[in-house]
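Step one of this worksheet: look at the structure below.
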Amino acid sequence: MQKLTVLGSGVLGSQIAFQSAYRGKDVVVYDINDEVLAQLPNRWDYLKPLYLRDVQDATGEKLDAAVGRIRATSDLADAVSDADIVIEAVPEVLEIKQETWAKVGELAPERTIFATNSSTLLPSDIAPSTGRPNRFLSLHFANEIWRLNVGEVMGHAGTDPEAYEAVATFAEEIGMVPIRVQKEQPGYVLNSLLVPFLSAAAVLFVRGVADVETIDLTWRKSTGAPMGPFQIYDMIGMETPYHLARNNPDPEMRQFAEIVKRDYIDQGRLGTGVGKGFYDYS
Ligand code: NAD
């Protein structure tokens, strides 16, 4: 599969497009917002130094060539007309995803395989709206895909095994380690492990059992892991954990959300992205 179309060019869509182009794919990026598309050159300029820092074989020349393989459009019919694979990274709202896929299902060639990057929705929630559910599945990336290069491949009960394997192979071709998820699971493998782990750390903190540094130190020293849970919170950024915690039925998690808002978000301590969160990275 050489020709990729990415739907949505926000945080993850732009990374998927750039990474795929870097690994030699021909990429079309679609977004409904022309302003977002106009900003894409800035996005590539932001990513290039990160590749030079983190990706062993990156050179200025290769990065420029990657940019040359990307075309942007806000015309959906044009975007998908010759796609081998479409990867969708539009907002995490079921109705937006269903509407988008319904249109793509009518416009894309018969051979095209469809994948969603959704973090929390199941492929079976979206598959019927595509008009070709057997060619639809999830390919879930982690933020900073050039560095944290996993691609969780997860079908639904009706996904054609051939489409599943084609997507796993594609993930490998663009430099991901494919994680074959054998059955539908909310949160895939990664978040099924990570969310309870981070929540347990939050509860220890809220109860005053140990401070942030001690909780992280315990985890690092006893398991050999490079990061403790609060370092991971900093890496993710405070906003997503805050929204998850404030809607949690557990009152201790809601208390954690209040602390995160008051002592971190409102103080501009948003995580490693801004140089400070639970820790100071200056
Ligand atoms: P984002 O808000 O940064 O980007 C979404 C983009 O979609 C925006 O550019 C927006 O203009 C565009 N858009 C809105 N409606 C559209 C439509 N109808 N058609 C096409 N484009 C449309 O969001 P994001 O963080 O990139 O997340 C996108 C998807 O990726 C979500 O499903 C999310 O669960 C998943 N994801 C995000 C992360 C992350 O860390 N941000 C990690 C893994 C998966």
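Ordering of the structure tokens sets the chain letters (A, B, ...); residue numbers start at 1 within each chain; ligands are numbered from 1 in the order shown.
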
> Just asking: which residues within range 10-259 of chain A are strand (DSSP E or B) according to DSSP, as number ranges by chain?
Replying inline: A: 26-30, 70-73, 85-88, 113-116, 136-141, 150-154, 177-181

>> 8 Å from ligand 1 is the threshold here; counting only C-alpha atoms and all ligand atoms, which polymer residues fall inside it? Answer as a PyMOL selection string.
In response: chain A and resi 7-14+30-33+36-37+88-93+96-97+99-100+116-121+140-144+236

Long-range neighbours of range 64-77 of chain A as a CSV table (one decimal) with N, CA, C and O atoms, in the first residue's frame, 7 Å cut-off, only C-alpha atoms, 2 positions minimum in chain:
```
chain,number,residue,atom,x,y,z
A,18,PHE,N,3.4,12.7,8.3
A,18,PHE,CA,4.8,13.0,8.2
A,18,PHE,C,5.6,11.7,8.3
A,18,PHE,O,6.5,11.5,7.5
A,21,ALA,N,5.2,9.6,5.2
A,21,ALA,CA,6.0,10.2,4.1
A,21,ALA,C,7.5,10.0,4.3
A,21,ALA,O,8.2,9.7,3.3
A,22,TYR,N,7.9,10.1,5.5
A,22,TYR,CA,9.3,9.9,5.9
A,22,TYR,C,9.8,8.5,5.5
A,22,TYR,O,10.9,8.3,5.0
A,26,ASP,N,3.4,7.9,-0.4
A,26,ASP,CA,2.8,9.1,-1.0
A,26,ASP,C,1.5,9.5,-0.2
A,26,ASP,O,0.6,8.6,0.0
A,27,VAL,N,1.5,10.7,0.4
A,27,VAL,CA,0.5,11.0,1.4
A,27,VAL,C,-0.4,12.2,0.9
A,27,VAL,O,0.2,13.2,0.5
A,28,VAL,N,-1.7,12.0,1.1
A,28,VAL,CA,-2.6,13.2,0.9
A,28,VAL,C,-3.2,13.5,2.3
A,28,VAL,O,-3.6,12.5,3.0
A,29,VAL,N,-3.1,14.7,2.7
A,29,VAL,CA,-3.7,15.1,4.0
A,29,VAL,C,-5.0,15.9,3.8
A,29,VAL,O,-5.0,16.8,3.0
A,30,TYR,N,-6.1,15.5,4.4
A,30,TYR,CA,-7.3,16.1,4.3
A,30,TYR,C,-7.7,16.7,5.7
A,30,TYR,O,-7.5,16.1,6.7
A,31,ASP,N,-8.3,17.9,5.7
A,31,ASP,CA,-8.9,18.5,6.9
A,31,ASP,C,-10.0,19.4,6.5
A,31,ASP,O,-10.0,19.9,5.3
A,32,ILE,N,-11.0,19.5,7.3
A,32,ILE,CA,-12.2,20.4,6.9
A,32,ILE,C,-11.8,21.8,7.1
A,32,ILE,O,-12.5,22.7,6.6
A,34,ASP,N,-9.4,24.9,6.4
A,34,ASP,CA,-8.4,25.3,5.5
A,34,ASP,C,-7.2,26.0,6.3
A,34,ASP,O,-6.1,25.9,5.9
A,37,LEU,N,-4.8,23.4,7.4
A,37,LEU,CA,-4.0,23.0,6.2
A,37,LEU,C,-2.9,24.0,5.9
A,37,LEU,O,-1.8,23.6,5.6
A,60,GLY,N,18.6,16.1,6.9
A,60,GLY,CA,17.8,17.3,6.4
A,60,GLY,C,17.2,16.9,5.0
A,60,GLY,O,16.1,17.2,4.7
A,61,GLU,N,18.0,16.2,4.2
A,61,GLU,CA,17.6,15.9,2.9
A,61,GLU,C,16.4,14.9,2.9
A,61,GLU,O,15.4,15.2,2.2
A,62,LYS,N,16.5,13.9,3.7
A,62,LYS,CA,15.4,13.0,3.8
A,62,LYS,C,14.1,13.6,4.3
A,62,LYS,O,13.0,13.3,3.9
A,79,ALA,N,-9.3,13.9,-2.1
A,79,ALA,CA,-8.3,13.3,-1.1
A,79,ALA,C,-8.3,11.8,-1.2
A,79,ALA,O,-7.3,11.2,-1.0
A,80,VAL,N,-9.5,11.2,-1.3
A,80,VAL,CA,-9.5,9.7,-1.2
A,80,VAL,C,-9.6,9.0,-2.6
A,80,VAL,O,-9.6,7.8,-2.6
A,81,SER,N,-9.6,9.8,-3.7
A,81,SER,CA,-9.9,9.2,-5.0
A,81,SER,C,-9.0,8.1,-5.4
A,81,SER,O,-9.3,7.2,-6.2
A,107,LEU,N,-17.0,7.6,-1.5
A,107,LEU,CA,-16.1,8.3,-2.5
A,107,LEU,C,-14.8,7.4,-2.8
A,107,LEU,O,-14.2,7.6,-3.9
```

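Every protein, DNA or RNA residue with an atom at most 10 Å from Met154 in chain A, where only C-alpha atoms count and chain neighbours fewer than 5 positions away do not, is listed here: Ala115, Thr116, Leu122, Pro123, Phe136, Leu137, Ser138, Leu139, His140, Thr159, Tyr164, Val167, Ala168, Ile179, Arg180, Val181, Gln182, Lys183, Glu184, Gln185, Tyr188 and Val189 of chain A.
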
>> Using only C-alpha atoms for the distances, tell me which of A:Gly228, A:Gly237, A:Gly175, A:Pro251 is nearest to Asp57 in chain A.
In response: A:Gly175

> DSSP on the backbone: what in range 63-187 of chain A comes out helix (DSSP H, G or I), as an MDAnalysis selection string?
Replying inline: chainID A and resid 63:68 76:80 94:107 123:130 133:135 161:173

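Minimum atom-to-atom distances from A:Val150, A:Met253, A:Ile265, A:Ala108 to Pro196 in chain A were compared using only C-alpha atoms, and the lowest value belongs to A:Met253.
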
>> If we count only C-alpha atoms and set the cut-off at 9 Å, which residues sit around Glu252 in chain A, ignoring sequence neighbours fewer than 5 positions away in its own chain? Please answer as a PyMOL selection string.
In response: chain A and resi 202-203+206-207+245+257

> Do you know which residues are at most 7 Å from Phe170 in chain A counting only C-alpha atoms, after dropping those on the same chain fewer than 4 positions away, and could you put them as a PyMOL selection string?
Replying inline: chain A and resi 1+166+174

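In this comparison, which uses only C-alpha atoms, the residue of A:Ser199, A:Asn191, A:Thr218, A:Thr112 approaching Arg132 in chain A most closely is A:Thr112.
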
List the spatial neighbours of range 269-272 of chain A as a tab-separated table (two decimals) with N, CA, C and O atoms, in the first residue's frame - criterion: any atom at most 10 Å away, only C-alpha atoms, same-chain residues fewer than 2 positions off excluded.
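Output (out17.tsv):
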```
chain	number	residue	atom	x	y	z
A	230	PHE	N	4.08	9.73	37.62
A	230	PHE	CA	3.91	11.19	37.50
A	230	PHE	C	4.80	11.77	36.40
A	230	PHE	O	4.45	12.79	35.80
A	231	GLN	N	5.90	11.10	36.11
A	231	GLN	CA	6.68	11.50	34.94
A	231	GLN	C	5.88	11.22	33.67
A	231	GLN	O	5.96	11.97	32.70
A	232	ILE	N	5.12	10.12	33.70
A	232	ILE	CA	4.28	9.80	32.53
A	232	ILE	C	3.15	10.83	32.41
A	232	ILE	O	2.85	11.31	31.30
A	233	TYR	N	2.55	11.22	33.53
A	233	TYR	CA	1.53	12.29	33.48
A	233	TYR	C	2.12	13.53	32.81
A	233	TYR	O	1.49	14.17	31.97
A	234	ASP	N	3.32	13.90	33.20
A	234	ASP	CA	3.95	15.09	32.63
A	234	ASP	C	4.14	14.94	31.12
A	234	ASP	O	3.98	15.90	30.36
A	235	MET	N	4.50	13.71	30.71
A	235	MET	CA	4.74	13.49	29.28
A	235	MET	C	3.43	13.58	28.49
A	235	MET	O	3.39	14.17	27.41
A	236	ILE	N	2.37	13.03	29.05
A	236	ILE	CA	1.06	13.06	28.36
A	236	ILE	C	0.56	14.50	28.30
A	236	ILE	O	-0.06	14.92	27.33
A	237	GLY	N	0.84	15.28	29.33
A	237	GLY	CA	0.26	16.62	29.45
A	237	GLY	C	-0.95	16.54	30.36
A	237	GLY	O	-1.66	15.52	30.38
A	238	MET	N	-1.21	17.61	31.12
A	238	MET	CA	-2.21	17.55	32.19
A	238	MET	C	-3.66	17.51	31.69
A	238	MET	O	-4.55	17.05	32.39
A	239	GLU	N	-3.91	18.03	30.49
A	239	GLU	CA	-5.30	18.24	30.08
A	239	GLU	C	-6.09	16.93	29.96
A	239	GLU	O	-7.19	16.82	30.51
A	260	VAL	N	-5.13	18.74	40.17
A	260	VAL	CA	-4.43	18.94	38.90
A	260	VAL	C	-4.80	20.29	38.30
A	260	VAL	O	-3.95	21.04	37.82
A	261	LYS	N	-6.09	20.63	38.38
A	261	LYS	CA	-6.56	21.91	37.82
A	261	LYS	C	-5.95	23.08	38.61
A	261	LYS	O	-5.35	23.99	38.04
A	263	ASP	N	-3.50	23.29	41.06
A	263	ASP	CA	-2.07	23.43	41.34
A	263	ASP	C	-1.18	23.30	40.10
A	263	ASP	O	0.01	23.64	40.15
A	264	TYR	N	-1.75	22.80	39.01
A	264	TYR	CA	-0.90	22.55	37.85
A	264	TYR	C	-1.43	23.30	36.61
A	264	TYR	O	-0.78	24.22	36.13
A	265	ILE	N	-2.62	22.96	36.15
A	265	ILE	CA	-3.13	23.59	34.92
A	265	ILE	C	-3.23	25.11	35.10
A	265	ILE	O	-2.71	25.88	34.29
A	266	ASP	N	-3.88	25.54	36.19
A	266	ASP	CA	-4.07	26.99	36.39
A	266	ASP	C	-2.75	27.72	36.64
A	266	ASP	O	-2.68	28.94	36.51
A	267	GLN	N	-1.71	26.99	36.99
A	267	GLN	CA	-0.39	27.61	37.21
A	267	GLN	C	0.48	27.49	35.95
A	267	GLN	O	1.68	27.80	36.00
A	274	VAL	N	5.71	22.18	28.10
A	274	VAL	CA	6.02	23.57	28.48
A	274	VAL	C	7.16	23.63	29.50
A	274	VAL	O	7.45	24.67	30.06
A	275	GLY	N	7.79	22.49	29.75
A	275	GLY	CA	8.97	22.47	30.63
A	275	GLY	C	8.67	22.32	32.11
A	275	GLY	O	9.58	22.26	32.93
A	276	LYS	N	7.40	22.24	32.47
A	276	LYS	CA	7.07	21.99	33.88
A	276	LYS	C	5.68	21.38	34.03
A	276	LYS	O	4.77	21.69	33.25
A	277	GLY	N	5.59	20.52	35.05
A	277	GLY	CA	4.33	19.85	35.37
A	277	GLY	C	4.44	19.44	36.82
A	277	GLY	O	4.67	20.29	37.69
A	278	PHE	N	4.34	18.15	37.09
A	278	PHE	CA	4.64	17.68	38.46
A	278	PHE	C	6.12	17.96	38.78
A	278	PHE	O	6.47	18.19	39.92
A	279	TYR	N	6.95	17.96	37.74
A	279	TYR	CA	8.39	18.26	37.91
A	279	TYR	C	8.73	19.52	37.13
A	279	TYR	O	8.00	19.93	36.22
A	280	ASP	N	9.87	20.09	37.48
A	280	ASP	CA	10.40	21.23	36.75
A	280	ASP	C	11.52	20.72	35.85
A	280	ASP	O	12.45	20.09	36.34
A	281	TYR	N	11.41	20.96	34.54
A	281	TYR	CA	12.39	20.41	33.60
A	281	TYR	C	13.41	21.45	33.14
A	281	TYR	O	14.21	21.18	32.26
A	282	SER	N	13.34	22.66	33.74
A	282	SER	CA	14.28	23.68	33.28
A	282	SER	C	15.70	23.32	33.72
A	282	SER	O	16.63	23.62	33.11
```

> So what do you get for CA of Ala83 in chain A versus CA of Ser20 in chain A, distance-wise?
Replying inline: 13.6 Å

> Pick the closest to Leu148 in chain A from A:Val55, A:Leu194, A:Ile87, A:Val212: which is it, counting only C-alpha atoms?
Replying inline: A:Val55

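When only C-alpha atoms are used to measure the gap to Asp82 in chain A, the shortest distance among A:Thr5, A:Asn42, A:Gln255, A:Thr214 belongs to A:Thr5.
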
> Between A:Asp45, A:Asp125, A:Ala200, A:Gly151, which is the closest to Asp250 in chain A once you count only C-alpha atoms?
Replying inline: A:Ala200
